[in-house]
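Step one of this worksheet: look at the structure below.
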Amino acid sequence: MPSSHSLSTANQATMASTTKRPTEHNNSAASEPETAEDADPLAPTVLETAIIVKTPSTNSILPVAQSLDSKLEALRQTLHRHRGERQLIILQDFPDPDALSGAWAYKLIAQQYGIVCDIVYAGALSHQENIALVKLTGLPVTRLAVETAKRKDLSIYQGCVLIDNQGTTSTLTPLIQAAKLPITMIIDHHTQQGNTEAEFIDIRPHIRATATILSQYLQAGLLKFDNQINDHVKCATALMHGLRSDTDALRQAQEEDFLAAAFLSRFYDSQLLSAVLQASRSKRVMDVIERALHNRMIQNNFSIAGVGYLRYEDRDAIPQAADFLLTEENVHTAVVYGIVHDEDQELEVVTGSLRTDKLTLDPDEFIKEAFGQDAHGRFFGGGRSQAGGFEIPMGFLSGCNENKEYARLKWEVFDMQIKQKLLELVNPDTSYPHHSD
């Protein structure tokens, strides 16, 4: 999220881990959190990362390599400075279990300092597991559509917190900037997405899930989980789901993720998690998967499929279709995309998802190279280990789909353009091919 002050190149570089060594109540809002000395004995002593803390006295940004104790102390100090405030936790427009659970964990931690948090997203919950997670756990999240946010008095908040994103995947970002609402914290595991300033930043791309980072905060004593407190059990269950979701059921997990899962295993409700995981796919999702199968083309072990127009509520069918195409024999990477129509705002966006099991393919680098940046220097997409996504606004070409012939021609143009962008990387010598039967 751009602001009047930007991080220097040196500062940005310190946010990423430079080595890959393995590392590892009460319910009263006004009570003080547990001390570091009360931390779980299984907590690692060193975190391979760096954070950036803006000190109020100098108003400067200082990159500091942090041990676990000093990292937690920096976080505590930031929370202490904002004691008694109200904060807005902003998630990506289409939040996943990692974002939802991480936001809930932060909200519970912040309560220890009397900080009241509202968790919001601008888009939709459309994946059946996300809907089940929110409904079954009572996860306190609210949709704040852009039009609603424009009428909302944001001055009731003293700051905002970005969890599992850096402001580039939320359409609420421009409104936050216009309201001059300061970013208090950014906690994320994705690759850094440009110049983002906040009072406290913890971005660790080598960790597979933001839920892991929040679990480390809990494990070290920022909040002592209690099996007798219902919200703690449900939050632990949500964190376990978020961790499993972003690590492909722990198959892609690193040591830190396994340690976090071991910690959460003491508190989560396995039956509740099973109920979330057993949520069935809707007919509309199955229809999109069927379209992806029919339209796919395969080049150099890449499966690429356009699925046409989708309703805003069905956007999460795209990553599910990509997951499905990845299961085909001799396919190591799947890309599925379509035009998502938002009737509320009369906008259309080309939305796509990438899934891969090829360890040498970097989804973040691949998507950024394929689709580039907008006029403001913001990338149209990015990724993490073995997964990525992109969104390309259609601008004044949005809408007018009542004319079926026009809608068909528009889709064909965008379909061909997306394929050509992808094929330039997949197989530079290949012209626009026909889909496989």
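Chain labels run A, B, ... following the order of the structure tokens; each chain numbers its residues from 1, and ligands are numbered from 1 in the order shown.
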
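Near A:Glu329, within 12 Å and counting only C-alpha atoms, sit Ile298, Asn301, Phe302, Ser303, Phe324, Leu325, Thr333 and Ala334 of chain A, not including residues fewer than 4 positions from it in the same chain.
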
DSSP helix (DSSP H, G or I) residues within stretch 110-160 of chain A, listed as a PDB file with N, CA, C and O atoms, in the first residue's frame:
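Contents of the output file selection15.pdb:
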```pdb
ATOM      1  N   ALA A 110      -4.886  -8.976  20.158  1.00  0.00           N
ATOM      2  CA  ALA A 110      -5.059  -7.536  20.362  1.00  0.00           C
ATOM      3  C   ALA A 110      -6.004  -7.232  21.516  1.00  0.00           C
ATOM      4  O   ALA A 110      -5.849  -6.207  22.198  1.00  0.00           O
ATOM      5  N   GLN A 111      -6.962  -8.126  21.759  1.00  0.00           N
ATOM      6  CA  GLN A 111      -7.897  -7.929  22.872  1.00  0.00           C
ATOM      7  C   GLN A 111      -7.169  -7.844  24.206  1.00  0.00           C
ATOM      8  O   GLN A 111      -7.641  -7.183  25.142  1.00  0.00           O
ATOM      9  N   GLN A 128     -16.623 -23.367  -0.847  1.00  0.00           N
ATOM     10  CA  GLN A 128     -17.509 -24.036   0.113  1.00  0.00           C
ATOM     11  C   GLN A 128     -16.844 -24.240   1.477  1.00  0.00           C
ATOM     12  O   GLN A 128     -17.502 -24.148   2.525  1.00  0.00           O
ATOM     13  N   GLU A 129     -15.535 -24.480   1.504  1.00  0.00           N
ATOM     14  CA  GLU A 129     -14.845 -24.672   2.784  1.00  0.00           C
ATOM     15  C   GLU A 129     -14.729 -23.359   3.554  1.00  0.00           C
ATOM     16  O   GLU A 129     -14.793 -23.352   4.787  1.00  0.00           O
ATOM     17  N   ASN A 130     -14.559 -22.241   2.846  1.00  0.00           N
ATOM     18  CA  ASN A 130     -14.490 -20.949   3.521  1.00  0.00           C
ATOM     19  C   ASN A 130     -15.829 -20.588   4.155  1.00  0.00           C
ATOM     20  O   ASN A 130     -15.887 -20.076   5.281  1.00  0.00           O
ATOM     21  N   ILE A 131     -16.899 -20.855   3.419  1.00  0.00           N
ATOM     22  CA  ILE A 131     -18.237 -20.591   3.949  1.00  0.00           C
ATOM     23  C   ILE A 131     -18.488 -21.455   5.179  1.00  0.00           C
ATOM     24  O   ILE A 131     -18.985 -20.985   6.208  1.00  0.00           O
ATOM     25  N   ALA A 132     -18.130 -22.736   5.082  1.00  0.00           N
ATOM     26  CA  ALA A 132     -18.326 -23.658   6.210  1.00  0.00           C
ATOM     27  C   ALA A 132     -17.481 -23.236   7.407  1.00  0.00           C
ATOM     28  O   ALA A 132     -17.939 -23.291   8.558  1.00  0.00           O
ATOM     29  N   LEU A 133     -16.243 -22.796   7.153  1.00  0.00           N
ATOM     30  CA  LEU A 133     -15.359 -22.371   8.243  1.00  0.00           C
ATOM     31  C   LEU A 133     -15.981 -21.218   9.032  1.00  0.00           C
ATOM     32  O   LEU A 133     -16.017 -21.243  10.273  1.00  0.00           O
ATOM     33  N   VAL A 134     -16.475 -20.222   8.320  1.00  0.00           N
ATOM     34  CA  VAL A 134     -17.059 -19.049   8.982  1.00  0.00           C
ATOM     35  C   VAL A 134     -18.327 -19.423   9.736  1.00  0.00           C
ATOM     36  O   VAL A 134     -18.542 -19.025  10.886  1.00  0.00           O
ATOM     37  N   LYS A 135     -19.183 -20.223   9.101  1.00  0.00           N
ATOM     38  CA  LYS A 135     -20.457 -20.575   9.724  1.00  0.00           C
ATOM     39  C   LYS A 135     -20.278 -21.496  10.931  1.00  0.00           C
ATOM     40  O   LYS A 135     -20.898 -21.303  11.986  1.00  0.00           O
ATOM     41  N   LEU A 136     -19.437 -22.502  10.802  1.00  0.00           N
ATOM     42  CA  LEU A 136     -19.311 -23.506  11.857  1.00  0.00           C
ATOM     43  C   LEU A 136     -18.506 -23.015  13.061  1.00  0.00           C
ATOM     44  O   LEU A 136     -18.717 -23.475  14.180  1.00  0.00           O
ATOM     45  N   THR A 137     -17.570 -22.110  12.835  1.00  0.00           N
ATOM     46  CA  THR A 137     -16.759 -21.610  13.955  1.00  0.00           C
ATOM     47  C   THR A 137     -17.277 -20.279  14.498  1.00  0.00           C
ATOM     48  O   THR A 137     -16.857 -19.851  15.569  1.00  0.00           O
ATOM     49  N   VAL A 146     -17.076  -2.172  -1.402  1.00  0.00           N
ATOM     50  CA  VAL A 146     -16.459  -0.877  -1.666  1.00  0.00           C
ATOM     51  C   VAL A 146     -17.480   0.251  -1.568  1.00  0.00           C
ATOM     52  O   VAL A 146     -17.206   1.296  -0.958  1.00  0.00           O
ATOM     53  N   GLU A 147     -18.660   0.057  -2.145  1.00  0.00           N
ATOM     54  CA  GLU A 147     -19.675   1.105  -2.100  1.00  0.00           C
ATOM     55  C   GLU A 147     -20.115   1.387  -0.665  1.00  0.00           C
ATOM     56  O   GLU A 147     -20.372   2.536  -0.299  1.00  0.00           O
ATOM     57  N   THR A 148     -20.209   0.342   0.131  1.00  0.00           N
ATOM     58  CA  THR A 148     -20.557   0.516   1.549  1.00  0.00           C
ATOM     59  C   THR A 148     -19.432   1.228   2.291  1.00  0.00           C
ATOM     60  O   THR A 148     -19.675   2.113   3.131  1.00  0.00           O
ATOM     61  N   ALA A 149     -18.196   0.843   1.975  1.00  0.00           N
ATOM     62  CA  ALA A 149     -17.036   1.455   2.636  1.00  0.00           C
ATOM     63  C   ALA A 149     -16.936   2.946   2.325  1.00  0.00           C
ATOM     64  O   ALA A 149     -16.482   3.734   3.164  1.00  0.00           O
ATOM     65  N   LYS A 150     -17.360   3.341   1.132  1.00  0.00           N
ATOM     66  CA  LYS A 150     -17.307   4.756   0.761  1.00  0.00           C
ATOM     67  C   LYS A 150     -18.209   5.600   1.663  1.00  0.00           C
ATOM     68  O   LYS A 150     -17.949   6.781   1.885  1.00  0.00           O
ATOM     69  N   ARG A 151     -19.277   4.978   2.152  1.00  0.00           N
ATOM     70  CA  ARG A 151     -20.219   5.705   3.017  1.00  0.00           C
ATOM     71  C   ARG A 151     -19.899   5.524   4.500  1.00  0.00           C
ATOM     72  O   ARG A 151     -20.523   6.157   5.350  1.00  0.00           O
ATOM     73  N   LEU A 154     -14.689   5.991   8.439  1.00  0.00           N
ATOM     74  CA  LEU A 154     -13.467   5.270   8.800  1.00  0.00           C
ATOM     75  C   LEU A 154     -12.685   5.970   9.901  1.00  0.00           C
ATOM     76  O   LEU A 154     -11.703   5.418  10.405  1.00  0.00           O
ATOM     77  N   SER A 155     -13.118   7.176  10.285  1.00  0.00           N
ATOM     78  CA  SER A 155     -12.401   7.895  11.334  1.00  0.00           C
ATOM     79  C   SER A 155     -12.583   7.254  12.709  1.00  0.00           C
ATOM     80  O   SER A 155     -11.899   7.626  13.668  1.00  0.00           O
ATOM     81  N   ILE A 156     -13.503   6.265  12.805  1.00  0.00           N
ATOM     82  CA  ILE A 156     -13.674   5.564  14.084  1.00  0.00           C
ATOM     83  C   ILE A 156     -12.496   4.640  14.365  1.00  0.00           C
ATOM     84  O   ILE A 156     -12.339   4.150  15.482  1.00  0.00           O
TER      85      ILE A 156
END
```

Margin query: List the spatial neighbours of A:Asp357 as a ChimeraX atom specification - criterion: any atom at most 10 Å away, only C-alpha atoms, same-chain residues fewer than 4 positions off excluded.
Written below: /A:252,326-327,331-334,361,385-387

For A:Ile392: contacts at 8 Å, only C-alpha atoms, fewer than 6 positions along chain excluded, given as a compact mmCIF listing (two decimals) with N, CA and C atoms, in the first residue's frame:
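Listing of out.txt after writing:
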```
# COMPACT_ATOMS: atom_id res chain seq x y z
N VAL A 349 -13.39 -8.36 -14.35
CA VAL A 349 -11.96 -8.58 -14.12
C VAL A 349 -11.60 -9.95 -14.68
N VAL A 350 -10.48 -10.01 -15.40
CA VAL A 350 -9.94 -11.31 -15.79
C VAL A 350 -9.22 -11.89 -14.58
N THR A 351 -9.73 -12.98 -14.07
CA THR A 351 -9.19 -13.59 -12.85
C THR A 351 -8.64 -14.97 -13.18
N PHE A 380 0.00 -7.30 -11.72
CA PHE A 380 -1.36 -7.83 -11.86
C PHE A 380 -1.55 -9.14 -11.09
```

Next item on the list: Kindly indicate which residue among A:Leu354, A:Ile207, A:Ile89, A:Val276 lies nearest to A:Ile367, using only C-alpha atoms for the distances.
Entry: A:Leu354

Checklist line | Residues near A:Arg266, cut-off 12 Å, only C-alpha atoms, skip fewer than 2 positions along chain, as JSON, numbers by chain | finding: {"A": [40, 219, 225, 226, 227, 228, 232, 233, 236, 237, 240, 259, 260, 261, 262, 263, 264, 268, 269, 270]}

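Non-sequential neighbours of A:Arg311 (distance at most 10 Å, separation of 6 or more positions within a chain, only C-alpha atoms) are Arg284, Ile339, Val340, His341, Asp342, Glu343 and Glu348 of chain A.
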
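Counting from atom CA of A:Ala305, the distance to atom CA of A:Phe371 is 16.3 Å.
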
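Taking atom CA of A:Asp364 and atom CA of A:Gly382 as endpoints, the distance between them is 4.3 Å.
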
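Of the listed residues (A:Thr210, A:Gln158, A:Asn300, A:Gln166), A:Thr210 comes nearest to A:Leu100; the distances count only C-alpha atoms.
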
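Using only C-alpha atoms, the nearest neighbour of A:Arg86 within the list A:Asp118, A:Asp415, A:Asp231, A:Glu290 is A:Asp118.
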
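Of the residues under consideration (A:Gln254, A:Ile115, A:Lys180, A:Glu412), A:Ile115 shows the shortest atom-to-atom contact distance to A:His82 when counting only C-alpha atoms.
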
Notebook entry, point to check: If you count only C-alpha atoms, which residues fall within 8 Å of A:His241, apart from same-chain ones fewer than 3 positions away, as a list in words?
Noted result: Pro97, Asp98, Thr237, Ala238, Arg244, Ser245 and Leu273 of chain A

Store the residues picked out above, limited to C-alpha atoms, as a CSV table (one decimal), in the first residue's frame.
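File produced: part36.csv:
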```csv
chain,number,residue,atom,x,y,z
A,97,PRO,CA,-8.7,-20.0,5.4
A,98,ASP,CA,-5.1,-18.8,6.1
A,237,THR,CA,-9.3,-25.2,14.6
A,238,ALA,CA,-9.4,-22.3,12.0
A,244,ARG,CA,-3.3,-27.3,6.1
A,245,SER,CA,-4.8,-25.3,3.3
A,273,LEU,CA,-12.3,-29.5,11.3
```

Next item on the list: Please measure the separation of atom CA of A:Asn230 and atom CA of A:Phe94, giving the value in Å to one decimal.
Entry: 26.4 Å

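When only C-alpha atoms are used to measure the gap to A:Ile176, the shortest distance among A:Cys235, A:Met297, A:Cys160, A:Ile203 belongs to A:Cys160.
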